[in-house]
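Read the structure below first, then the notes.
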Amino acid sequence: MTKDDRKYLPTHEWCRIQDGIATIGITDFAVQSLSDLVFLDLPPIGTRISADDAFGEIESVKAVSDIVAPVSGEVVEVNEALPDDLDVLKTDPWDAGWMVKVKVTGESGNLLDAASYQRQVEAHE
Amino acid sequence: MKETVLKRLHESLGARLVPFGGWTMPVQYSGILEEARAVRSAAGLFDLGHMGRVSVLGRDAEAYLQRLQTNDAAAIAPGRIRYAMLLDDQGRTQDDILVYREPEGHTGFLVVVNAGNAERDFAIMHRVAADFDDVQLVDRSTELAMIAVQGPRSEAIVQRVTDVDLRTVRYYGWARGRVGDTPGALSRTGYTGEDGFELYVPAAQAEGLWRRLTELGAGDGLIPCGLGSRDVLRLEAGMPLYGHEIDEQTTPLDAGLDFGVKFTHDFIGRAALERQLAAGGPQTRLVGLTTDSRRVPRQGYSVWSGDREIGRICSGTASPTLGTNIATAHVPVEFAEPGTELQFDVRGSREPARVVTLPFYKRAR
């Protein structure tokens, strides 16, 4: 499943940009693939992140994965409750499972629309 | 990639398949932690078709095994199983294996080896066999399927598919009899730290047996499991995995696996182990680590005591049974005392860890 109201990185992050603020999270495909989440590390407010660079880490029983920034900019809000309740990512990765909000100064050149991302996921399965 | 006879069934049942030791194997069905909990509380079903299985037959089978591996084959009674290692002449571990002596009424032995080492093991086995007049090695890996049922409900469940009286099969014992619809074998062994059985049936019977066990065990809480949960369970139970706790660089003594080595016979690598003992024995110990950190210690992470790097993580995982993250590491003897505070490095961040006695988990009997 994908949402048309946002863009995607091939590494399974989504971002929805409204009024210059990007809300960023990871897709349900990413959550299912990782499975058994045990740890999430998000940057503090004020951190400058760069498109296509890792800004966080998510850890499952089997592996550690980077969370890659779809945009460049400054973190202005963090979902502080999420690292303590990773089940939210399973139930609602699209809304309640948002990770950070970023004041956008630039976008990744690798962003996909929902249809392109969906095709990539299907090719992978 | 090689495939077990059950691969398509796993796919159709929704398992996630990954490469493992040259095989495409289910890493999980419903989820690694859920499966691990099911095995601790009820039962889990595992496809072990990737394991290498070889019959050792012939008049010289026992003498051959005495040369080949570290345990005392002569002391294995009919229907009993022992853990052992294959070493090179420097005492370095080539694989860890199980040696089964056939039950009463049958002759010879069965050897079960790790999937990832099977080819090298078979090469070693054939090379050593050339020194004996009457040894036949018969690779059963393709003709036999291997399925494990693990967990406290295992005996009740497996009893429904066999005419072997399971109360007579003790831990590390095995028997031949009807398994499913045909003659087969079963052993009271496993890699989870729970009671359980490993079943050996003709490959053509595997799918029917898997389906039947799933049906007959569902009411007891049995669920199909992948290798991901098996790895969590074996680590909680303190059982070594080749390529992690043991490898080509370690001797069995380095890994504390002395119980699989008997100096009663002239096995390959014996002289090297005796030299290691004469020189004072291993200078490192395999220890368990627990951590209050939410970071999972993982294979290859460095282990520290203050500013001194003292070792590497062998295996690590989140432990659903203990509720913390756990790991193993080889550390110098002076850091091996339970309670010793150490650190592990996660991408530049030092996380606290404490040495504990292995195993992390031991079932109540």
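If you're wondering about the labels, chains in the structure tokens are A, B, ... by order shown, residues count from 1 in each chain, ligands from 1 in order shown.
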Chain B contacts to chain A at 7 Å (only C-alpha atoms) as a PyMOL selection string: chain B and resi 31-33+294-295+317-318
Near-Asn110 of chain A list (9 Å; only C-alpha atoms; drop same-chain fewer than 6 positions) as an NGL selection string: :A and (8-10 or 52 or 70)
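Secondary structure of chain A, alpha helix (DSSP H) only (DSSP, backbone atoms): A:Asp28, A:Phe29, A:Ala30, A:Val31, A:Gln32, A:Ser33, A:Leu34, A:Asp87, A:Val88, A:Leu89, A:Lys90, A:Thr91, A:Ala114, A:Ala115, A:Ser116, A:Tyr117, A:Gln118, A:Arg119, A:Gln120, A:Val121, A:Glu122, A:Ala123, A:His124.
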Would you put the residues from that selection into a file with N, CA and C atoms, as a compact mmCIF listing (two decimals), in the first residue's frame?
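And here is the file that came out, result25.txt:
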# COMPACT_ATOMS: atom_id res chain seq x y z
N ASP A 28 5.01 1.14 5.28
CA ASP A 28 4.60 -0.12 5.89
C ASP A 28 5.41 -1.29 5.33
N PHE A 29 5.84 -1.15 4.07
CA PHE A 29 6.71 -2.19 3.51
C PHE A 29 8.01 -2.28 4.31
N ALA A 30 8.59 -1.13 4.65
CA ALA A 30 9.82 -1.12 5.45
C ALA A 30 9.58 -1.76 6.81
N VAL A 31 8.46 -1.41 7.43
CA VAL A 31 8.17 -1.94 8.77
C VAL A 31 8.01 -3.46 8.71
N GLN A 32 7.29 -3.93 7.68
CA GLN A 32 7.11 -5.39 7.55
C GLN A 32 8.42 -6.09 7.26
N SER A 33 9.26 -5.47 6.43
CA SER A 33 10.53 -6.10 6.08
C SER A 33 11.44 -6.17 7.29
N LEU A 34 11.48 -5.10 8.06
CA LEU A 34 12.36 -5.08 9.23
C LEU A 34 11.88 -6.10 10.25
N ASP A 87 5.41 -0.27 18.40
CA ASP A 87 4.25 -0.94 17.81
C ASP A 87 3.42 0.01 16.95
N VAL A 88 3.51 1.31 17.27
CA VAL A 88 2.79 2.30 16.46
C VAL A 88 3.22 2.20 14.99
N LEU A 89 4.48 1.88 14.76
CA LEU A 89 4.94 1.75 13.37
C LEU A 89 4.24 0.60 12.66
N LYS A 90 3.89 -0.42 13.41
CA LYS A 90 3.19 -1.56 12.80
C LYS A 90 1.75 -1.19 12.49
N THR A 91 1.11 -0.47 13.41
CA THR A 91 -0.32 -0.20 13.25
C THR A 91 -0.58 1.01 12.36
N ALA A 114 4.14 7.99 -5.66
CA ALA A 114 3.58 6.78 -5.07
C ALA A 114 3.57 5.61 -6.04
N ALA A 115 3.22 5.88 -7.30
CA ALA A 115 3.12 4.79 -8.28
C ALA A 115 4.49 4.18 -8.56
N SER A 116 5.52 5.03 -8.68
CA SER A 116 6.87 4.50 -8.94
C SER A 116 7.37 3.69 -7.76
N TYR A 117 7.09 4.21 -6.55
CA TYR A 117 7.53 3.48 -5.37
C TYR A 117 6.81 2.13 -5.28
N GLN A 118 5.53 2.15 -5.56
CA GLN A 118 4.74 0.91 -5.52
C GLN A 118 5.31 -0.13 -6.49
N ARG A 119 5.70 0.34 -7.69
CA ARG A 119 6.29 -0.59 -8.67
C ARG A 119 7.59 -1.19 -8.14
N GLN A 120 8.37 -0.36 -7.48
CA GLN A 120 9.63 -0.85 -6.93
C GLN A 120 9.38 -1.94 -5.88
N VAL A 121 8.41 -1.67 -5.00
CA VAL A 121 8.10 -2.63 -3.95
C VAL A 121 7.62 -3.95 -4.56
N GLU A 122 6.77 -3.84 -5.58
CA GLU A 122 6.24 -5.07 -6.20
C GLU A 122 7.33 -5.85 -6.90
N ALA A 123 8.27 -5.13 -7.50
CA ALA A 123 9.38 -5.82 -8.18
C ALA A 123 10.24 -6.56 -7.17
N HIS A 124 10.28 -6.01 -5.96
CA HIS A 124 11.11 -6.59 -4.91
C HIS A 124 10.49 -7.84 -4.32
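One distance worth recording is that between atom CA of Ala96 of chain A and atom CA of Ser319 of chain B, which is 27.1 Å.
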Nearest residue to Gly14 of chain B from the set B:Gln283, B:Cys225, B:Asp220, B:Glu155 (distances using only C-alpha atoms): B:Cys225
Backbone DSSP call of strand (DSSP E or B) for chain A, listed as number ranges by chain: A: 7-8, 13-18, 21-26, 37-41, 48-49, 54-60, 64-68, 71-78, 100-107, 112
Give me the residues near Ile45 of chain A as a CSV table (one decimal) with N, CA and C atoms, in the first residue's frame, where near means some atom within 8 Å (using only C-alpha atoms) and where sequence neighbours in that chain fewer than 2 positions away do not count.
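Result file follows (selection33.csv):
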chain,number,residue,atom,x,y,z
A,43,PRO,N,17.0,12.1,15.6
A,43,PRO,CA,17.9,13.3,16.0
A,43,PRO,C,17.1,14.3,16.8
A,47,THR,N,18.6,19.7,14.8
A,47,THR,CA,19.6,19.0,14.0
A,47,THR,C,19.4,19.4,12.5
A,74,GLU,N,16.2,21.6,8.6
A,74,GLU,CA,16.4,21.6,10.1
A,74,GLU,C,15.2,20.9,10.8
A,75,VAL,N,15.6,20.0,11.7
A,75,VAL,CA,14.5,19.3,12.4
A,75,VAL,C,13.8,20.3,13.3
A,76,VAL,N,12.5,20.4,13.2
A,76,VAL,CA,11.8,21.3,14.0
A,76,VAL,C,10.8,20.6,15.0
A,77,GLU,N,10.6,19.3,14.7
A,77,GLU,CA,9.7,18.6,15.6
A,77,GLU,C,10.1,17.1,15.6
A,78,VAL,N,10.0,16.4,16.7
A,78,VAL,CA,10.4,15.0,16.8
A,78,VAL,C,9.3,14.2,17.4
